[in-house]
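Data block for structure-v4.cif (mmCIF, C-alpha atoms):
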data_upload
loop_
_atom_site.label_atom_id
_atom_site.label_comp_id
_atom_site.auth_asym_id
_atom_site.auth_seq_id
_atom_site.Cartn_x
_atom_site.Cartn_y
_atom_site.Cartn_z
CA MET A 2 -8.29 21.79 -13.48
CA SER A 3 -10.89 19.07 -13.63
CA GLU A 4 -13.01 18.86 -10.56
CA ALA A 5 -15.23 15.86 -10.01
CA THR A 6 -16.00 16.56 -6.40
CA PRO A 7 -19.63 17.36 -5.76
CA GLN A 8 -20.04 20.72 -4.15
CA ASP A 9 -20.63 20.78 -0.45
CA LYS A 10 -24.27 21.18 0.38
CA ARG A 11 -23.26 23.43 3.21
CA PRO A 12 -20.04 25.19 2.30
CA ASP A 13 -17.79 25.17 5.27
CA GLU A 14 -16.90 28.77 5.93
CA GLN A 15 -14.33 27.82 8.49
CA ARG A 16 -10.97 28.07 6.79
CA PRO A 17 -8.51 25.28 7.56
CA ALA A 18 -5.76 26.43 9.88
CA PRO A 19 -2.16 26.68 8.66
CA ALA A 20 -1.39 23.64 10.81
CA PHE A 21 -3.81 21.69 8.64
CA ARG A 22 -1.87 22.67 5.53
CA ASP A 23 1.39 21.67 7.16
CA ARG A 24 0.04 18.27 8.06
CA LEU A 25 -1.14 17.78 4.49
CA ILE A 26 2.27 18.77 3.14
CA ALA A 27 3.94 16.30 5.47
CA GLU A 28 1.81 13.50 4.02
CA ILE A 29 2.36 14.36 0.35
CA PRO A 30 5.44 12.14 -0.18
CA HIS A 31 3.61 9.20 1.39
CA LEU A 32 0.41 9.90 -0.53
CA ARG A 33 2.40 9.93 -3.77
CA ALA A 34 4.24 6.72 -2.94
CA PHE A 35 1.00 5.00 -1.96
CA GLY A 36 -0.81 6.34 -5.02
CA ALA A 37 2.01 5.17 -7.29
CA SER A 38 1.95 1.74 -5.67
CA LEU A 39 -1.80 1.53 -6.26
CA SER A 40 -1.85 2.87 -9.80
CA GLY A 41 1.56 1.77 -11.06
CA SER A 42 2.40 5.27 -12.21
CA MET A 43 3.92 8.30 -10.58
CA GLN A 44 2.05 10.56 -12.96
CA LEU A 45 -1.30 9.06 -12.04
CA ALA A 46 -0.25 9.28 -8.43
CA ASP A 47 0.25 13.03 -8.76
CA ASP A 48 -3.24 13.42 -10.23
CA LEU A 49 -4.59 11.36 -7.36
CA VAL A 50 -2.74 13.43 -4.78
CA GLN A 51 -3.97 16.64 -6.34
CA GLU A 52 -7.56 15.43 -6.12
CA THR A 53 -6.94 14.24 -2.58
CA LEU A 54 -5.56 17.61 -1.46
CA LEU A 55 -8.57 19.41 -2.92
CA LYS A 56 -11.03 17.10 -1.22
CA ALA A 57 -9.17 17.17 2.08
CA TRP A 58 -9.15 20.96 2.03
CA ARG A 59 -12.81 21.28 1.17
CA HIS A 60 -13.83 18.72 3.75
CA ALA A 61 -11.40 19.80 6.41
CA GLY A 62 -14.34 20.34 8.73
CA SER A 63 -15.12 16.64 8.65
CA PHE A 64 -11.80 15.74 10.19
CA THR A 65 -12.18 15.24 13.92
CA GLU A 66 -9.27 16.66 15.85
CA GLY A 67 -7.60 13.99 17.94
CA THR A 68 -8.34 11.20 15.47
CA ASN A 69 -5.84 9.72 13.06
CA PHE A 70 -5.02 12.33 10.40
CA LYS A 71 -2.95 9.95 8.31
CA ALA A 72 -5.79 7.41 8.16
CA TRP A 73 -8.24 10.18 7.27
CA VAL A 74 -6.24 11.54 4.35
CA PHE A 75 -5.23 8.11 3.04
CA THR A 76 -8.87 7.09 3.07
CA ILE A 77 -9.62 10.06 0.81
CA LEU A 78 -6.86 9.08 -1.62
CA ARG A 79 -7.91 5.46 -1.69
CA ASN A 80 -11.60 6.30 -2.21
CA THR A 81 -10.61 8.66 -5.00
CA TYR A 82 -8.57 5.96 -6.68
CA TYR A 83 -11.34 3.38 -6.52
CA SER A 84 -14.16 5.75 -7.48
CA ILE A 85 -12.46 7.61 -10.31
CA TYR A 86 -9.54 5.67 -11.71
CA ARG A 87 -10.91 2.19 -11.32
CA ARG A 88 -14.27 3.21 -12.73
CA ARG A 89 -12.54 4.25 -15.92
CA GLY A 90 -11.42 0.69 -16.25
CA ARG A 91 -7.82 1.44 -15.61
CA GLU A 92 -6.00 -1.64 -14.52
CA VAL A 93 -2.36 -1.65 -13.69
CA GLN A 94 -0.68 -3.50 -16.52
CA ASP A 95 2.96 -2.73 -16.15
CA THR A 96 5.39 -0.50 -14.35
CA ASP A 97 6.26 1.83 -17.20
CA GLY A 98 5.06 4.61 -14.97
CA PHE A 99 7.99 4.16 -12.64
CA HIS A 100 11.32 5.47 -13.68
CA ALA A 101 13.66 2.57 -14.36
CA SER A 102 15.24 1.73 -11.07
CA GLN A 103 18.74 0.32 -10.94
CA VAL A 104 18.42 -0.67 -7.31
CA ALA A 105 19.11 -4.29 -6.41
CA VAL A 106 17.87 -5.82 -3.20
CA SER A 107 19.55 -8.66 -1.40
CA ALA A 108 17.45 -11.80 -1.60
CA GLY A 109 19.77 -13.71 0.73
CA GLN A 110 22.26 -16.44 -0.12
CA ASP A 111 24.34 -14.12 -2.35
CA SER A 112 21.36 -13.60 -4.63
CA HIS A 113 19.84 -10.27 -5.53
CA MET A 114 16.63 -9.17 -7.09
CA ASP A 115 16.25 -6.03 -9.12
CA LEU A 116 13.78 -3.53 -7.78
CA ALA A 117 12.38 -3.32 -11.32
CA ASP A 118 11.63 -7.05 -11.27
CA PHE A 119 10.11 -6.75 -7.83
CA ARG A 120 7.80 -4.00 -9.06
CA LYS A 121 6.67 -6.09 -12.01
CA ALA A 122 5.63 -8.77 -9.56
CA LEU A 123 4.06 -6.26 -7.20
CA VAL A 124 1.69 -4.84 -9.80
CA ARG A 125 0.51 -8.35 -10.64
CA LEU A 126 -0.94 -8.79 -7.18
CA PRO A 127 -4.68 -8.31 -6.81
CA GLU A 128 -5.23 -4.69 -5.80
CA GLU A 129 -6.55 -5.40 -2.34
CA GLN A 130 -3.51 -7.54 -1.59
CA ARG A 131 -1.11 -5.01 -3.05
CA GLU A 132 -2.47 -2.10 -1.05
CA ALA A 133 -2.49 -4.20 2.14
CA LEU A 134 1.12 -5.21 1.66
CA ILE A 135 2.22 -1.63 0.93
CA MET A 136 0.48 -0.22 3.98
CA ILE A 137 1.80 -2.87 6.36
CA GLY A 138 5.10 -3.88 4.83
CA ALA A 139 6.31 -0.61 3.34
CA MET A 140 4.55 2.26 5.11
CA GLY A 141 4.70 0.61 8.49
CA LEU A 142 1.06 1.28 9.33
CA SER A 143 -0.53 -0.83 12.02
CA TYR A 144 -3.10 -3.43 11.03
CA GLU A 145 -5.65 -1.28 12.84
CA GLU A 146 -4.82 1.79 10.71
CA ALA A 147 -4.78 -0.17 7.47
CA ALA A 148 -8.09 -1.83 8.33
CA GLU A 149 -9.61 1.58 9.07
CA ILE A 150 -8.41 2.99 5.75
CA CYS A 151 -9.83 0.04 3.81
CA HIS A 152 -13.01 -0.29 5.89
CA VAL A 153 -12.41 -3.95 6.66
CA ALA A 154 -11.89 -6.01 9.80
CA ILE A 155 -8.38 -6.34 11.18
CA GLY A 156 -8.44 -10.09 10.55
CA THR A 157 -9.28 -9.46 6.90
CA MET A 158 -6.31 -7.13 6.62
CA LYS A 159 -4.00 -9.74 8.16
CA SER A 160 -5.16 -12.42 5.79
CA ARG A 161 -4.72 -10.12 2.79
CA VAL A 162 -1.15 -9.37 3.83
CA ASN A 163 -0.38 -13.06 4.27
CA ARG A 164 -1.87 -13.99 0.94
CA ALA A 165 0.00 -11.12 -0.69
CA ARG A 166 3.33 -12.36 0.67
CA ILE A 167 2.71 -15.90 -0.51
CA ARG A 168 1.61 -14.77 -3.98
CA LEU A 169 4.48 -12.31 -4.31
CA ALA A 170 7.00 -14.97 -3.35
CA ASP A 171 5.54 -17.25 -6.01
CA LEU A 172 5.71 -14.51 -8.64
CA LEU A 173 9.33 -13.86 -7.70
CA GLY A 174 10.24 -17.52 -7.87
CA LEU A 175 10.94 -17.62 -4.15
CA PRO A 176 8.34 -20.15 -3.15
CA LEU A 177 6.92 -19.71 0.28
CA HIS A 178 4.48 -22.09 1.83
CA ALA A 179 1.86 -21.11 4.30
CA GLU A 180 3.44 -23.44 6.85
CA ALA A 181 6.59 -21.34 6.83
CA LEU A 182 4.82 -18.05 7.46
CA PRO A 183 5.56 -16.52 10.81
CA ALA A 184 2.63 -15.20 12.79
CA ALA A 185 1.85 -11.55 12.12
CA LYS A 186 3.23 -10.69 15.54
CA PRO A 187 5.99 -12.64 17.23
CA PRO A 188 4.28 -15.91 18.05
CA SER A 189 2.67 -15.91 21.43
CA ARG A 190 1.79 -19.55 21.32
CA MET A 191 4.89 -21.65 21.17
CA LEU A 192 3.36 -24.83 22.51
CA PRO A 193 5.08 -27.93 21.21
CA GLN A 194 2.96 -30.38 19.31
CA LEU A 195 1.90 -32.94 21.86
CA PRO A 196 1.57 -36.55 20.82
CA VAL A 197 -2.02 -37.62 20.65
CA VAL A 198 -2.74 -40.23 23.28
CA PRO A 199 -5.33 -42.68 22.06
CA MET B 27 -0.15 -50.59 2.41
CA THR B 28 -3.59 -50.60 3.93
CA ASN B 29 -4.15 -47.25 5.56
CA GLY B 30 -3.86 -45.00 2.55
CA ARG B 31 -0.92 -42.81 3.56
CA THR B 32 2.14 -43.32 1.46
CA PRO B 33 5.41 -41.65 2.36
CA PRO B 34 6.88 -39.36 -0.32
CA GLU B 35 9.02 -41.16 -2.84
CA ALA B 36 12.61 -41.13 -1.74
CA GLY B 37 15.03 -39.96 -4.38
CA SER B 38 12.47 -37.93 -6.27
CA SER B 39 14.39 -34.83 -7.32
CA HIS B 40 11.37 -32.63 -7.70
CA ALA B 41 8.80 -32.83 -4.98
CA PRO B 42 6.72 -29.74 -5.80
CA CYS B 43 4.61 -29.65 -2.69
CA GLU B 44 7.27 -30.13 -0.10
CA PRO B 45 7.11 -27.21 2.30
CA ILE B 46 10.29 -25.23 2.68
CA SER B 47 11.83 -24.96 6.09
CA VAL B 48 10.75 -22.29 8.52
CA GLU B 49 14.22 -20.79 8.31
CA ALA B 50 14.10 -20.60 4.52
CA GLY B 51 10.64 -19.09 4.81
CA HIS B 52 11.96 -16.35 7.04
CA LYS B 53 14.71 -15.57 4.51
CA VAL B 54 12.15 -15.18 1.75
CA GLN B 55 10.05 -12.99 4.03
CA ASP B 56 13.07 -10.85 4.82
CA ALA B 57 13.92 -10.46 1.14
CA ILE B 58 10.36 -9.38 0.36
CA GLY B 59 10.41 -6.99 3.30
CA ARG B 60 13.62 -5.36 2.12
CA ALA B 61 12.33 -5.08 -1.43
CA LEU B 62 9.08 -3.49 -0.25
CA GLU B 63 10.99 -0.92 1.74
CA ALA B 64 13.36 -0.20 -1.15
CA HIS B 65 10.37 0.23 -3.47
CA TYR B 66 8.65 2.61 -1.10
CA VAL B 67 11.69 4.60 -0.01
CA GLU B 68 12.65 5.31 -3.60
CA LEU B 69 9.18 6.71 -4.30
CA VAL B 70 8.89 8.66 -1.08
CA ARG B 71 12.22 10.41 -1.65
CA GLU B 72 11.19 11.92 -4.96
CA PRO B 73 10.83 15.67 -4.72
CA ILE B 74 7.29 17.01 -4.37
CA PRO B 75 6.16 18.52 -7.69
CA ASP B 76 5.64 22.28 -7.58
CA ARG B 77 2.09 21.99 -8.85
CA LEU B 78 0.98 20.26 -5.64
CA LEU B 79 2.52 22.90 -3.40
CA GLU B 80 1.11 25.64 -5.61
CA LEU B 81 -2.31 24.08 -5.30
CA LEU B 82 -2.14 24.25 -1.52
CA ALA B 83 -0.93 27.84 -1.68
CA LYS B 84 -3.91 28.75 -3.87
CA LEU B 85 -6.32 26.97 -1.58
CA GLU B 86 -4.89 28.79 1.37
CA ALA B 87 -5.14 32.13 -0.42
CA GLY B 88 -8.81 31.36 -1.06
CA GLU B 89 -8.36 31.39 -4.83
CA LEU B 90 -9.89 27.98 -5.41
CA ARG B 91 -12.60 27.93 -2.84
CA HIS B 92 -15.85 27.23 -4.64
CA GLU B 93 -15.21 27.07 -8.27
#
For the structure just supplied, provide its representation as structure tokens.
Amino acid sequence: MSEATPQDKRPDEQRPAPAFRDRLIAEIPHLRAFGASLSGSMQLADDLVQETLLKAWRHAGSFTEGTNFKAWVFTILRNTYYSIYRRRGREVQDTDGFHASQVAVSAGQDSHMDLADFRKALVRLPEEQREALIMIGAMGLSYEEAAEICHVAIGTMKSRVNRARIRLADLLGLPLHAEALPAAKPPSRMLPQLPVVP
Amino acid sequence: MTNGRTPPEAGSSHAPCEPISVEAGHKVQDAIGRALEAHYVELVREPIPDRLLELLAKLEAGELRHE
């Protein structure tokens, strides 16, 4: 088992409680799905999750009880991806790492798109847009959680998600203009455009 | 035509920059939303590989503590 984690300077002798293990186990399916969405490969995702579990266990003492566990563990996975896999120059090129999906998704107006085609478009998004879209649009994280995981401002996260949607629509041949984008939340300002009085 | 703004040519079959309607935009958004969920749900439902669970079991048993 390759281990790239630097050893703790002060080994934490406190053993993580069984509840900690259970919380990690509960996140594994989501960590794998997120890792696969980032890397374009389920196999790479499993390597990433393995590394993440090791780090989480060894640094269990750095998790503050009462804070967001999901954000904590996803931050570890994401940092691992960017520090190890990206550094090796891996770029997602295709979706061969996903098993060929036969699922079709309704695209409205009697049209359908294949999940396989959707994934090809998804991996062509810039990474920061792809991860933002997955966290918000697929995992259902809040903008606050996603921003915490990526260490960016909430506004940055919102703009990444919007740009991701526009780019993805273009890649899918479903053009979407910025004017047609709904506000991130149901619009709170519904003021009609007033005529300008000279 | 003195003030610079020309209306779009009527009858032009391809007006590339014409914004789509808000309603059409919502449909595209919905389609992308459904596809994102389908993508994610399919991945999340895959069974957890044994090696990951075995790793946690070893960590818990203290077999992999400071190697």
With 7 Å as the cut-off and all atoms listed in the file counted, what is the closest atom pair between each nearby residue of chain B and chain A? Distances in Å to one decimal, ordered by chain and number, as a Markdown table.
| residue | atom | partner | partner_atom | distance |
| --- | --- | --- | --- | --- |
| B:Pro45 | CA | A:His178 | CA | 5.8 |
| B:Ile46 | CA | A:His178 | CA | 6.7 |
| B:Ser47 | CA | A:Ala181 | CA | 6.4 |
| B:Val48 | CA | A:Ala181 | CA | 4.6 |
| B:Gly51 | CA | A:Ala181 | CA | 5.1 |
| B:Lys53 | CA | A:Gly109 | CA | 6.6 |
| B:Val54 | CA | A:Leu175 | CA | 6.5 |
| B:Ala57 | CA | A:Ala108 | CA | 4.7 |
| B:Gly59 | CA | A:Gly138 | CA | 6.3 |
| B:Arg60 | CA | A:Val106 | CA | 6.8 |
| B:Ala61 | CA | A:Val106 | CA | 5.9 |
| B:Leu62 | CA | A:Ala139 | CA | 5.4 |
| B:Glu63 | CA | A:Ala139 | CA | 5.0 |
| B:His65 | CA | A:Leu116 | CA | 6.7 |
| B:Tyr66 | CA | A:Ala139 | CA | 6.0 |
| B:Leu69 | CA | A:Ala34 | CA | 5.1 |
| B:Val70 | CA | A:Pro30 | CA | 5.0 |
| B:Ile74 | CA | A:Pro30 | CA | 6.7 |
| B:Leu78 | CA | A:Gln51 | CA | 6.2 |
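Computed from the coordinates, the atom CA of A:Val162 to atom CA of B:Val67 distance equals 19.4 Å.
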>> Just to confirm, what's the straight-line distance from atom CA of A:Tyr144 to atom CA of B:Asp56 in Å (one decimal)?
In response: 18.8 Å
> Quick one, how far is atom CA of A:Ser143 from atom CA of A:Val74?
Replying inline: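 Atom CA of A:Val74 lies at a distance of 15.6 Å from atom CA of A:Ser143.
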>> Under the PyMOL selection byres ((chain A and resi 149-154) around 8), which residues of this model are included? Write them out as a count of residues only.
In response: 13
> For A:Gly174, which residue out of B:Lys84, B:Ile58, B:Pro73, B:His52 is the nearest one, using all atoms listed in the file?
Replying inline: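 Closest candidate: B:Ile58.
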